[in-house]
Amino acid sequence: MEDIVGGWWDKLARRAARRGFPEYAAELAQVTAQAPLFFRAMGGDPALALRSTVGTEHGARRGWLQRLAGTGARMELAWQDSQALYLPERIDCFPSAALNRDCYFWLLAQAAYAADSDGDWLSRNRLAAARALAAMPGLAALYRRLAAAVLEQRPEPAGLPPAEAEVERAIQAALSRPEQAVTLPPLSRPPQPVPLWLHPEPPLTDAGGQGSRHADGERGGGKDAQRQRRRYRARRMEQDQRKNGMLMVFRAESLFTWDEYVKVNRHNDDDDDGNGEIAAEDMNRLTLGQDAHTRGSRLRFDLDLPAAAYDDTPLGPGIKLPEWHWKRQCLVEDHCLLRPMLPRDAAPAPLPERLQPLARRLRRQFQALAPERCRRSGETAGPDIDLDRLIRFLAERRGGAALSEPALYQDWPPGERSLACLTLADLSLSTESWLGETGRVIDVIRDSLLLFAEALAASGDDFGLYGFSSLRRQEVRLQILKDFADRYDDDARGRILAIRPGYYTRMGAAIRQCTRILSERPAQRRLLLLISDGKPNDLDHYEGRYGIEDTRQAVLEARRAGLTPFCVTIDREAGDYLPHLFGRNGYALVRQAERLPQALTRLYASLTA
């Protein structure tokens with residue numbers, strides 16, 4: 001059988017050449033602001049990011065991103081996988097700018113109601129359209145306009161060969177009446193694409209067309225498809241790392257282009273199906289040899305493991321924690337090992353002189369947040385005499401009705417505010433990126449923690465400071481900068497000054513442990529404040545949807561425990577994933593990282609008011 005991507009659809013592109021309507025084109029950028037809200041309002045998966053098909057694996061392949069023969073026209077088809085919904089960068093199918101723009105919103109609704117079924121292309125899209133129209137009757141007028149415009153451009157069945165005419169009639173019937181069942185006849189060649197429907201075969205399909213319909217490769221395929229999936233995951237991981245500011249001088253993923261000549265031993269205990277080839281990111285060791293036999297010399301990749309002399313000081317054997325498996329929709333018990341640590345070589349140190357002016361100003365501001373001392377009368381002991389009660393007592397004694405032990409004193413007890421705050425800082429490798437003259441992200445986080453701690457100490461609130469990074473599930477590192485039981489002094493400042501960029505960002509385990517710590521504090525209000533510069537990721541399968549869903553579950557667990565989780569981020573793309581993790585009002589984006597210290601203190605004041 002011909003490659004379904006490189007054969008049939010290339011022939012279709014040459015056969016169905018058209019010019020489009022570029023003067024009426026709608027761009028994805030025109031609907032970017034409304035699209036996420038509309039998709040989620042339609043019931044779409046809130047964890048999916050919205051992206052353009054251009055520049056993706058889909059856009060790089062021939063055929064379905066069709067540059068139609070002999071013209072400059074392009075026909076892009078929408079599709080979705082477990083990570084994102086991909087929409088065309090440009091739609092110019094209709095001779096109306098309004099119709100082309102409306103096509104974006106229909107594709108969002110179509111994707112929101114698309115079910116993961118094994119039916120054929122026509123049935124999947126017809127059912128999705130029928131569900132969308134049944135759930136959202138207000139879309140009926142929009143759909144009728146779009147369907148009429150598409151039907152006007154479809155070929156006349158009478159002018160087609162009998163087999164193709166039968167297929168075309170089925171497509172037109174499904175477009176006209178999506179609520180009625182239609183059977184797709186056998187295809188001798190692919191029909192003209194339907195711009196209102198989702199991609200019939202999303203990109204990572206093996207050559208025989210029998211593998212997964214989805215880019216995440218949930219079903220099997222041949223070795224070529226597995227190798228393709230590995231490279232796809234490696235590219236996605238590299239994109240996420242670059243978004244997080246991580247610059248890698250050497251990428252181990254590039255070695256997958258040598259897999260015909262190099263024997264690779266992979267660590268596959270995190271792989272769901274036991275297939276080590278699919279777990280490309282779990283490669284630990286490369287074995288070099290001229291034949292299939294293992295050689296004695298091994299080149300070990302410890303790029304992520306620092307020398308022991310530079311590592312932090314562990315406290316105890318570690319704590320086992322669960323992790324959410326989003327595909328199984330369950331918690332996997334004892335899946336992660338969290339290791340509490342102290343920053344190595346931390347020495348007591350005063351607050352740096354350059355931060356002292358701002359610290360004084362913040363202390364004055366936060367002292368105003370401290371509860372005011374209030375006068376309490378009628379005490380049996382105290383520093384002041386209550387003159388009103390004393391006069392009343394003397395008058396009553398002269399009248400013969402005085403008490404034997406009157407309460408004639410006043411006291412000024414300190415005000416009480418039952419509040420505890422745990423601050424958890426992301427110390428992953430991405431914080432080593434530079435911010436121009438401001439310095440590195442880690443420097444900004446270090447200054448923010450110092451200044452925030454000075455302000456909290458002035459307010460009198462109970463607080464703790466922690467940092468985290470990770471290296472796979474067996475090495476989730478929680479740095480204790482100031483425990484709740486510790487005083488904030490030069491020892492704590494020294495530990496904050498000693499922090500440095502670590503590894504990756506396994507947020508779920510760190511949030512779960514901090515939830516346990518904060519839940520033990522005897523306070524009426526408990527705030528869990530996360531400072532991060534990027535989204536969850538790690539070397540094993542903890543990236544993309546998996547990491548986001550585990551973090552979301554950890555946040556939900558914190559809320560169920562009575563905590564208030566809140567995230568402060570400097571990641572400009574946080575709007576794609578933080579609403580799903582923390583809720584619409586559960587995060588704040590600081591667009592200028594150097595303003596993070598002031599933003600933290602203002603946010604704390606507003607959150608605890």
# chains A, B, ... in the order shown; residues from 1 in each chain; ligands from 1
>>> select_by_dssp(residues="region 35-191 of chain A", states="strand (DSSP E or B)", output="ChimeraX atom specification")
/A:49-52,66-67,74-75,79-80,84-87,90-91
>>> residues_around(residues="region 524-535 of chain A", least_positions_apart="6", cutoff="8 Å", atoms="only C-alpha atoms", output="PyMOL selection string")
chain A and resi 243-244+418-426+430-431+505+514-515+518+548+562-571+574+577
>>> write_last_selection(atoms="N, CA, C and O atoms", output="compact mmCIF listing (two decimals), in the first residue's frame")
# COMPACT_ATOMS: atom_id res chain seq x y z
N LYS A 243 11.61 26.83 25.56
CA LYS A 243 10.63 27.76 26.13
C LYS A 243 10.96 28.08 27.56
O LYS A 243 10.72 29.18 28.05
N ASN A 244 11.52 27.13 28.27
CA ASN A 244 11.87 27.35 29.67
C ASN A 244 13.23 28.00 29.82
O ASN A 244 13.74 28.13 30.92
N SER A 418 -4.20 34.55 62.38
CA SER A 418 -3.87 33.13 62.23
C SER A 418 -3.61 32.84 60.76
O SER A 418 -4.51 32.52 59.99
N LEU A 419 -2.33 32.97 60.35
CA LEU A 419 -1.96 32.84 58.94
C LEU A 419 -0.60 32.17 58.84
O LEU A 419 0.32 32.51 59.59
N ALA A 420 -0.47 31.21 57.91
CA ALA A 420 0.82 30.56 57.63
C ALA A 420 1.03 30.57 56.12
O ALA A 420 0.10 30.30 55.35
N CYS A 421 2.24 30.85 55.69
CA CYS A 421 2.58 30.92 54.26
C CYS A 421 3.79 30.04 53.98
O CYS A 421 4.83 30.19 54.63
N LEU A 422 3.67 29.14 53.03
CA LEU A 422 4.80 28.34 52.57
C LEU A 422 5.13 28.79 51.16
O LEU A 422 4.28 28.75 50.26
N THR A 423 6.37 29.21 50.95
CA THR A 423 6.83 29.65 49.64
C THR A 423 7.72 28.56 49.04
O THR A 423 8.71 28.15 49.65
N LEU A 424 7.35 28.11 47.84
CA LEU A 424 8.07 27.04 47.14
C LEU A 424 8.63 27.61 45.85
O LEU A 424 7.88 28.04 44.98
N ALA A 425 9.95 27.62 45.72
CA ALA A 425 10.61 28.24 44.56
C ALA A 425 11.12 27.17 43.61
O ALA A 425 11.73 26.18 44.02
N ASP A 426 10.88 27.37 42.34
CA ASP A 426 11.39 26.50 41.27
C ASP A 426 12.88 26.79 41.10
O ASP A 426 13.28 27.91 40.74
N SER A 430 16.37 25.68 34.16
CA SER A 430 15.96 26.81 33.33
C SER A 430 16.19 28.14 34.02
O SER A 430 16.27 29.18 33.36
N THR A 431 16.32 28.15 35.35
CA THR A 431 16.55 29.42 36.05
C THR A 431 17.97 29.94 35.86
O THR A 431 18.30 31.02 36.34
N THR A 505 11.73 20.02 36.56
CA THR A 505 10.63 20.66 37.29
C THR A 505 9.49 19.68 37.52
O THR A 505 8.45 19.76 36.87
N CYS A 514 4.87 19.77 50.18
CA CYS A 514 4.62 21.06 50.82
C CYS A 514 3.19 21.14 51.37
O CYS A 514 2.96 21.80 52.38
N THR A 515 2.26 20.47 50.72
CA THR A 515 0.90 20.40 51.25
C THR A 515 0.89 19.70 52.60
O THR A 515 0.21 20.12 53.54
N LEU A 518 2.50 22.15 55.20
CA LEU A 518 1.67 23.30 55.54
C LEU A 518 0.39 22.87 56.26
O LEU A 518 -0.13 23.63 57.10
N ILE A 548 1.53 18.20 33.37
CA ILE A 548 0.49 19.20 33.66
C ILE A 548 -0.64 18.57 34.47
O ILE A 548 -1.12 19.15 35.46
N GLY A 562 -7.59 22.28 52.44
CA GLY A 562 -7.89 23.57 53.07
C GLY A 562 -6.84 24.64 52.80
O GLY A 562 -6.89 25.70 53.42
N LEU A 563 -5.92 24.40 51.88
CA LEU A 563 -4.88 25.38 51.56
C LEU A 563 -5.34 26.28 50.41
O LEU A 563 -6.28 25.96 49.68
N THR A 564 -4.63 27.39 50.25
CA THR A 564 -4.86 28.29 49.12
C THR A 564 -3.62 28.29 48.25
O THR A 564 -2.65 29.00 48.53
N PRO A 565 -3.57 27.48 47.19
CA PRO A 565 -2.41 27.48 46.31
C PRO A 565 -2.46 28.65 45.33
O PRO A 565 -3.52 28.99 44.80
N PHE A 566 -1.31 29.26 45.10
CA PHE A 566 -1.22 30.41 44.19
C PHE A 566 0.15 30.36 43.53
O PHE A 566 1.14 30.04 44.18
N CYS A 567 0.20 30.66 42.24
CA CYS A 567 1.46 30.59 41.48
C CYS A 567 1.82 31.96 40.96
O CYS A 567 0.99 32.68 40.40
N VAL A 568 3.08 32.33 41.13
CA VAL A 568 3.65 33.55 40.54
C VAL A 568 4.68 33.09 39.52
O VAL A 568 5.60 32.34 39.84
N THR A 569 4.53 33.51 38.27
CA THR A 569 5.39 33.02 37.21
C THR A 569 5.93 34.16 36.37
O THR A 569 5.31 35.23 36.29
N ILE A 570 7.07 33.91 35.74
CA ILE A 570 7.63 34.87 34.78
C ILE A 570 7.61 34.27 33.37
O ILE A 570 8.23 34.81 32.46
N ASP A 571 6.92 33.12 33.21
CA ASP A 571 6.81 32.47 31.91
C ASP A 571 5.73 33.16 31.10
O ASP A 571 4.55 33.14 31.46
N ALA A 574 2.58 31.27 30.15
CA ALA A 574 1.86 30.64 31.27
C ALA A 574 0.36 30.61 31.03
O ALA A 574 -0.33 29.74 31.56
N TYR A 577 -1.28 27.19 30.12
CA TYR A 577 -1.44 26.02 31.00
C TYR A 577 -1.79 26.37 32.45
O TYR A 577 -2.42 25.56 33.13
>>> atom_distance(atom1="CA of Gln80 (chain A)", atom2="CA of Pro536 (chain A)")
20.8 Å
>>> residues_around(residues="region 596-602 of chain A", least_positions_apart="6", cutoff="7 Å", atoms="only C-alpha atoms", output="compact mmCIF listing (two decimals) with all heavy atoms, in the first residue's frame")
# COMPACT_ATOMS: atom_id res chain seq x y z
N SER A 448 14.42 37.72 45.45
CA SER A 448 13.00 37.75 45.81
C SER A 448 12.75 37.02 47.12
O SER A 448 11.98 37.49 47.97
CB SER A 448 12.17 37.13 44.69
OG SER A 448 12.36 37.83 43.47
N LEU A 451 14.09 39.19 50.08
CA LEU A 451 13.26 40.35 50.39
C LEU A 451 11.88 39.93 50.90
O LEU A 451 11.33 40.56 51.82
CB LEU A 451 13.12 41.22 49.14
CG LEU A 451 14.40 41.92 48.69
CD1 LEU A 451 14.24 42.53 47.31
CD2 LEU A 451 14.81 42.99 49.70
N PHE A 452 11.34 38.87 50.32
CA PHE A 452 10.04 38.39 50.78
C PHE A 452 10.12 37.90 52.22
O PHE A 452 9.22 38.14 53.03
CB PHE A 452 9.58 37.28 49.85
CG PHE A 452 8.14 36.89 50.01
CD1 PHE A 452 7.15 37.85 50.12
CD2 PHE A 452 7.76 35.56 50.03
CE1 PHE A 452 5.82 37.50 50.27
CE2 PHE A 452 6.44 35.19 50.18
CZ PHE A 452 5.46 36.17 50.30
N VAL A 590 4.26 37.84 36.06
CA VAL A 590 5.14 39.01 36.21
C VAL A 590 5.94 39.12 34.92
O VAL A 590 6.82 38.29 34.64
CB VAL A 590 6.08 38.84 37.42
CG1 VAL A 590 6.98 40.06 37.56
CG2 VAL A 590 5.27 38.63 38.69
>>> residues_around(residues="region 312-327 of chain A", least_positions_apart="3", cutoff="8 Å", atoms="only C-alpha atoms", output="PyMOL selection string")
chain A and resi 330-344+508-509+512-513+546+549-550+553
>>> write_last_selection(atoms="N, CA, C and O atoms", output="PDB file, in the first residue's frame")
ATOM      1  N   CYS A 330      -5.702   7.679  37.883  1.00  0.00           N
ATOM      2  CA  CYS A 330      -5.540   7.170  39.248  1.00  0.00           C
ATOM      3  C   CYS A 330      -4.190   7.610  39.785  1.00  0.00           C
ATOM      4  O   CYS A 330      -3.286   7.979  39.024  1.00  0.00           O
ATOM      5  N   LEU A 331      -4.059   7.587  41.121  1.00  0.00           N
ATOM      6  CA  LEU A 331      -2.791   7.864  41.775  1.00  0.00           C
ATOM      7  C   LEU A 331      -1.974   6.587  41.846  1.00  0.00           C
ATOM      8  O   LEU A 331      -2.476   5.539  42.256  1.00  0.00           O
ATOM      9  N   VAL A 332      -0.709   6.672  41.425  1.00  0.00           N
ATOM     10  CA  VAL A 332       0.212   5.550  41.537  1.00  0.00           C
ATOM     11  C   VAL A 332       0.981   5.736  42.843  1.00  0.00           C
ATOM     12  O   VAL A 332       1.775   6.670  42.979  1.00  0.00           O
ATOM     13  N   GLU A 333       0.737   4.883  43.800  1.00  0.00           N
ATOM     14  CA  GLU A 333       1.322   5.041  45.123  1.00  0.00           C
ATOM     15  C   GLU A 333       2.838   4.803  45.089  1.00  0.00           C
ATOM     16  O   GLU A 333       3.338   3.979  44.323  1.00  0.00           O
ATOM     17  N   ASP A 334       3.536   5.549  45.948  1.00  0.00           N
ATOM     18  CA  ASP A 334       4.992   5.394  46.146  1.00  0.00           C
ATOM     19  C   ASP A 334       5.753   5.450  44.816  1.00  0.00           C
ATOM     20  O   ASP A 334       6.729   4.734  44.600  1.00  0.00           O
ATOM     21  N   HIS A 335       5.311   6.310  43.920  1.00  0.00           N
ATOM     22  CA  HIS A 335       5.928   6.382  42.594  1.00  0.00           C
ATOM     23  C   HIS A 335       7.166   7.280  42.583  1.00  0.00           C
ATOM     24  O   HIS A 335       8.075   7.072  41.782  1.00  0.00           O
ATOM     25  N   CYS A 336       7.193   8.296  43.441  1.00  0.00           N
ATOM     26  CA  CYS A 336       8.304   9.255  43.466  1.00  0.00           C
ATOM     27  C   CYS A 336       9.038   9.168  44.804  1.00  0.00           C
ATOM     28  O   CYS A 336       8.445   8.832  45.831  1.00  0.00           O
ATOM     29  N   LEU A 337      10.301   9.501  44.759  1.00  0.00           N
ATOM     30  CA  LEU A 337      11.090   9.588  45.988  1.00  0.00           C
ATOM     31  C   LEU A 337      11.568  11.024  46.147  1.00  0.00           C
ATOM     32  O   LEU A 337      12.357  11.517  45.331  1.00  0.00           O
ATOM     33  N   LEU A 338      11.069  11.692  47.175  1.00  0.00           N
ATOM     34  CA  LEU A 338      11.456  13.074  47.456  1.00  0.00           C
ATOM     35  C   LEU A 338      12.552  13.088  48.515  1.00  0.00           C
ATOM     36  O   LEU A 338      12.431  12.417  49.549  1.00  0.00           O
ATOM     37  N   ARG A 339      13.599  13.843  48.262  1.00  0.00           N
ATOM     38  CA  ARG A 339      14.742  13.903  49.169  1.00  0.00           C
ATOM     39  C   ARG A 339      14.875  15.313  49.747  1.00  0.00           C
ATOM     40  O   ARG A 339      15.284  16.238  49.035  1.00  0.00           O
ATOM     41  N   PRO A 340      14.543  15.519  51.024  1.00  0.00           N
ATOM     42  CA  PRO A 340      14.809  16.820  51.655  1.00  0.00           C
ATOM     43  C   PRO A 340      16.318  17.066  51.717  1.00  0.00           C
ATOM     44  O   PRO A 340      17.095  16.144  52.021  1.00  0.00           O
ATOM     45  N   MET A 341      16.737  18.285  51.434  1.00  0.00           N
ATOM     46  CA  MET A 341      18.160  18.609  51.379  1.00  0.00           C
ATOM     47  C   MET A 341      18.416  20.002  51.938  1.00  0.00           C
ATOM     48  O   MET A 341      17.514  20.852  51.974  1.00  0.00           O
ATOM     49  N   LEU A 342      19.656  20.208  52.337  1.00  0.00           N
ATOM     50  CA  LEU A 342      20.148  21.528  52.706  1.00  0.00           C
ATOM     51  C   LEU A 342      21.170  21.967  51.679  1.00  0.00           C
ATOM     52  O   LEU A 342      21.965  21.153  51.209  1.00  0.00           O
ATOM     53  N   PRO A 343      21.171  23.241  51.292  1.00  0.00           N
ATOM     54  CA  PRO A 343      22.182  23.714  50.346  1.00  0.00           C
ATOM     55  C   PRO A 343      23.587  23.483  50.899  1.00  0.00           C
ATOM     56  O   PRO A 343      23.883  23.833  52.039  1.00  0.00           O
ATOM     57  N   ARG A 344      24.424  22.888  50.090  1.00  0.00           N
ATOM     58  CA  ARG A 344      25.766  22.563  50.526  1.00  0.00           C
ATOM     59  C   ARG A 344      26.606  23.843  50.650  1.00  0.00           C
ATOM     60  O   ARG A 344      26.445  24.789  49.885  1.00  0.00           O
ATOM     61  N   GLY A 508       4.504  18.238  40.755  1.00  0.00           N
ATOM     62  CA  GLY A 508       3.498  17.529  41.521  1.00  0.00           C
ATOM     63  C   GLY A 508       4.008  17.002  42.842  1.00  0.00           C
ATOM     64  O   GLY A 508       3.389  17.203  43.901  1.00  0.00           O
ATOM     65  N   ALA A 509       5.155  16.317  42.832  1.00  0.00           N
ATOM     66  CA  ALA A 509       5.704  15.744  44.063  1.00  0.00           C
ATOM     67  C   ALA A 509       6.070  16.840  45.053  1.00  0.00           C
ATOM     68  O   ALA A 509       5.816  16.716  46.261  1.00  0.00           O
ATOM     69  N   ARG A 512       2.926  18.226  46.625  1.00  0.00           N
ATOM     70  CA  ARG A 512       2.320  17.285  47.588  1.00  0.00           C
ATOM     71  C   ARG A 512       3.052  17.307  48.931  1.00  0.00           C
ATOM     72  O   ARG A 512       2.426  17.301  49.992  1.00  0.00           O
ATOM     73  N   GLN A 513       4.382  17.325  48.900  1.00  0.00           N
ATOM     74  CA  GLN A 513       5.116  17.353  50.162  1.00  0.00           C
ATOM     75  C   GLN A 513       4.899  18.666  50.899  1.00  0.00           C
ATOM     76  O   GLN A 513       4.743  18.686  52.127  1.00  0.00           O
ATOM     77  N   TYR A 546       1.281  14.808  30.682  1.00  0.00           N
ATOM     78  CA  TYR A 546       1.460  14.026  31.900  1.00  0.00           C
ATOM     79  C   TYR A 546       1.843  14.929  33.074  1.00  0.00           C
ATOM     80  O   TYR A 546       1.246  14.871  34.150  1.00  0.00           O
ATOM     81  N   GLU A 549      -1.077  17.366  34.086  1.00  0.00           N
ATOM     82  CA  GLU A 549      -2.191  16.742  34.803  1.00  0.00           C
ATOM     83  C   GLU A 549      -1.791  16.334  36.225  1.00  0.00           C
ATOM     84  O   GLU A 549      -2.595  16.445  37.155  1.00  0.00           O
ATOM     85  N   ASP A 550      -0.555  15.853  36.407  1.00  0.00           N
ATOM     86  CA  ASP A 550      -0.119  15.506  37.761  1.00  0.00           C
ATOM     87  C   ASP A 550      -0.057  16.747  38.646  1.00  0.00           C
ATOM     88  O   ASP A 550      -0.479  16.732  39.805  1.00  0.00           O
ATOM     89  N   GLN A 553      -3.561  17.799  39.644  1.00  0.00           N
ATOM     90  CA  GLN A 553      -4.101  16.967  40.712  1.00  0.00           C
ATOM     91  C   GLN A 553      -3.493  17.335  42.056  1.00  0.00           C
ATOM     92  O   GLN A 553      -4.176  17.353  43.087  1.00  0.00           O
TER      93      GLN A 553
END
>>> residues_around(residues="Asp102 (chain A)", least_positions_apart="2", cutoff="12 Å", atoms="only C-alpha atoms", output="tab-separated table (two decimals) with C-alpha atoms, in the first residue's frame")
chain	number	residue	atom	x	y	z
A	25	ALA	CA	-8.22	35.16	4.28
A	26	ALA	CA	-8.55	34.96	8.06
A	27	GLU	CA	-5.44	34.53	10.19
A	28	LEU	CA	-5.17	32.50	13.37
A	30	GLN	CA	-7.10	37.31	14.66
A	31	VAL	CA	-8.86	34.80	16.94
A	35	ALA	CA	-10.12	30.86	20.85
A	91	ILE	CA	-7.99	29.98	6.25
A	92	ASP	CA	-8.95	31.28	2.79
A	93	CYS	CA	-11.45	28.61	1.69
A	94	PHE	CA	-14.43	30.94	1.31
A	96	SER	CA	-15.94	35.96	2.62
A	97	ALA	CA	-13.69	37.14	5.43
A	98	ALA	CA	-16.50	36.52	7.94
A	99	LEU	CA	-16.94	32.91	6.78
A	100	ASN	CA	-13.22	32.21	6.97
A	104	TYR	CA	-12.05	28.84	13.12
A	105	PHE	CA	-14.83	28.85	15.69
A	106	TRP	CA	-16.58	25.90	14.10
A	107	LEU	CA	-13.32	23.91	14.14
A	108	LEU	CA	-13.01	24.70	17.86
A	109	ALA	CA	-16.53	23.39	18.48
A	139	LEU	CA	-24.22	27.27	16.44
A	141	ALA	CA	-26.98	29.18	11.90
A	142	LEU	CA	-23.18	29.45	11.73
A	143	TYR	CA	-22.89	25.80	10.68
A	144	ARG	CA	-25.55	26.15	7.98
A	145	ARG	CA	-23.69	29.08	6.43
A	146	LEU	CA	-20.38	27.24	6.45
A	147	ALA	CA	-21.83	23.95	5.21
A	149	ALA	CA	-20.38	27.41	1.31
A	195	PRO	CA	-12.18	22.24	5.74
A	196	LEU	CA	-14.92	21.97	8.43
>>> residues_around(residues="region 485-497 of chain A", least_positions_apart="5", cutoff="8 Å", atoms="only C-alpha atoms", output="list in words")
Leu342, Pro343, Ala346, Ala347, Pro348, Ala349, Pro350, Leu351, Arg446, Leu449, Leu450, Ala453 and Ala457 of chain A
>>> write_last_selection(atoms="C-alpha atoms", output="tab-separated table (two decimals), in the first residue's frame")
chain	number	residue	atom	x	y	z
A	342	LEU	CA	20.15	21.53	52.71
A	343	PRO	CA	22.18	23.71	50.35
A	346	ALA	CA	25.76	27.40	53.15
A	347	ALA	CA	27.28	29.71	55.76
A	348	PRO	CA	25.52	32.32	57.93
A	349	ALA	CA	25.41	35.64	56.11
A	350	PRO	CA	23.72	39.01	56.57
A	351	LEU	CA	21.36	40.51	54.04
A	446	ARG	CA	17.29	34.50	45.25
A	449	LEU	CA	13.19	35.09	48.52
A	450	LEU	CA	15.46	37.29	50.67
A	453	ALA	CA	11.39	36.74	53.92
A	457	ALA	CA	9.36	38.44	59.31
>>> residues_around(residues="region 38-44 of chain A", least_positions_apart="2", cutoff="9 Å", atoms="only C-alpha atoms", output="tab-separated table (two decimals) with C-alpha atoms, in the first residue's frame")
chain	number	residue	atom	x	y	z
A	34	GLN	CA	-11.01	34.40	21.96
A	35	ALA	CA	-10.12	30.86	20.85
A	36	PRO	CA	-9.02	29.34	24.21
A	46	PRO	CA	-8.93	22.57	29.27
A	47	ALA	CA	-5.48	20.96	29.36
A	48	LEU	CA	-4.99	21.21	25.60
A	105	PHE	CA	-14.83	28.85	15.69
A	108	LEU	CA	-13.01	24.70	17.86
A	109	ALA	CA	-16.53	23.39	18.48
A	111	ALA	CA	-12.75	19.49	18.20
A	112	ALA	CA	-14.45	19.99	21.56
A	113	TYR	CA	-17.02	17.29	20.72
A	132	ALA	CA	-21.81	20.10	18.87
A	135	ALA	CA	-25.30	20.69	22.77
A	136	MET	CA	-25.04	24.23	21.36
>>> decode(residues="region 31-42 of chain A", atoms="N, CA and C atoms", output="mmCIF file, in the first residue's frame")
data_model
loop_
_atom_site.group_PDB
_atom_site.id
_atom_site.type_symbol
_atom_site.label_atom_id
_atom_site.label_comp_id
_atom_site.auth_asym_id
_atom_site.auth_seq_id
_atom_site.Cartn_x
_atom_site.Cartn_y
_atom_site.Cartn_z
ATOM 1 N N VAL A 31 -7.947 35.430 15.980
ATOM 2 C CA VAL A 31 -8.863 34.796 16.942
ATOM 3 C C VAL A 31 -8.113 34.223 18.143
ATOM 4 N N THR A 32 -6.833 34.512 18.251
ATOM 5 C CA THR A 32 -6.035 33.914 19.318
ATOM 6 C C THR A 32 -6.568 34.275 20.701
ATOM 7 N N ALA A 33 -7.039 35.491 20.874
ATOM 8 C CA ALA A 33 -7.505 35.919 22.195
ATOM 9 C C ALA A 33 -8.794 35.204 22.593
ATOM 10 N N GLN A 34 -9.711 35.001 21.629
ATOM 11 C CA GLN A 34 -11.006 34.405 21.957
ATOM 12 C C GLN A 34 -10.986 32.881 21.909
ATOM 13 N N ALA A 35 -10.074 32.300 21.124
ATOM 14 C CA ALA A 35 -10.123 30.859 20.851
ATOM 15 C C ALA A 35 -10.041 30.000 22.108
ATOM 16 N N PRO A 36 -9.081 30.218 23.033
ATOM 17 C CA PRO A 36 -9.023 29.339 24.211
ATOM 18 C C PRO A 36 -10.298 29.385 25.049
ATOM 19 N N LEU A 37 -10.836 30.592 25.249
ATOM 20 C CA LEU A 37 -12.058 30.727 26.040
ATOM 21 C C LEU A 37 -13.229 30.039 25.355
ATOM 22 N N PHE A 38 -13.350 30.208 24.036
ATOM 23 C CA PHE A 38 -14.445 29.593 23.290
ATOM 24 C C PHE A 38 -14.327 28.072 23.329
ATOM 25 N N PHE A 39 -13.124 27.541 23.135
ATOM 26 C CA PHE A 39 -12.920 26.091 23.121
ATOM 27 C C PHE A 39 -13.308 25.478 24.460
ATOM 28 N N ARG A 40 -12.904 26.114 25.551
ATOM 29 C CA ARG A 40 -13.232 25.567 26.869
ATOM 30 C C ARG A 40 -14.706 25.749 27.196
ATOM 31 N N ALA A 41 -15.300 26.852 26.705
ATOM 32 C CA ALA A 41 -16.737 27.040 26.915
ATOM 33 C C ALA A 41 -17.547 25.985 26.169
ATOM 34 N N MET A 42 -17.032 25.500 25.046
ATOM 35 C CA MET A 42 -17.692 24.435 24.298
ATOM 36 C C MET A 42 -17.563 23.080 24.981
#
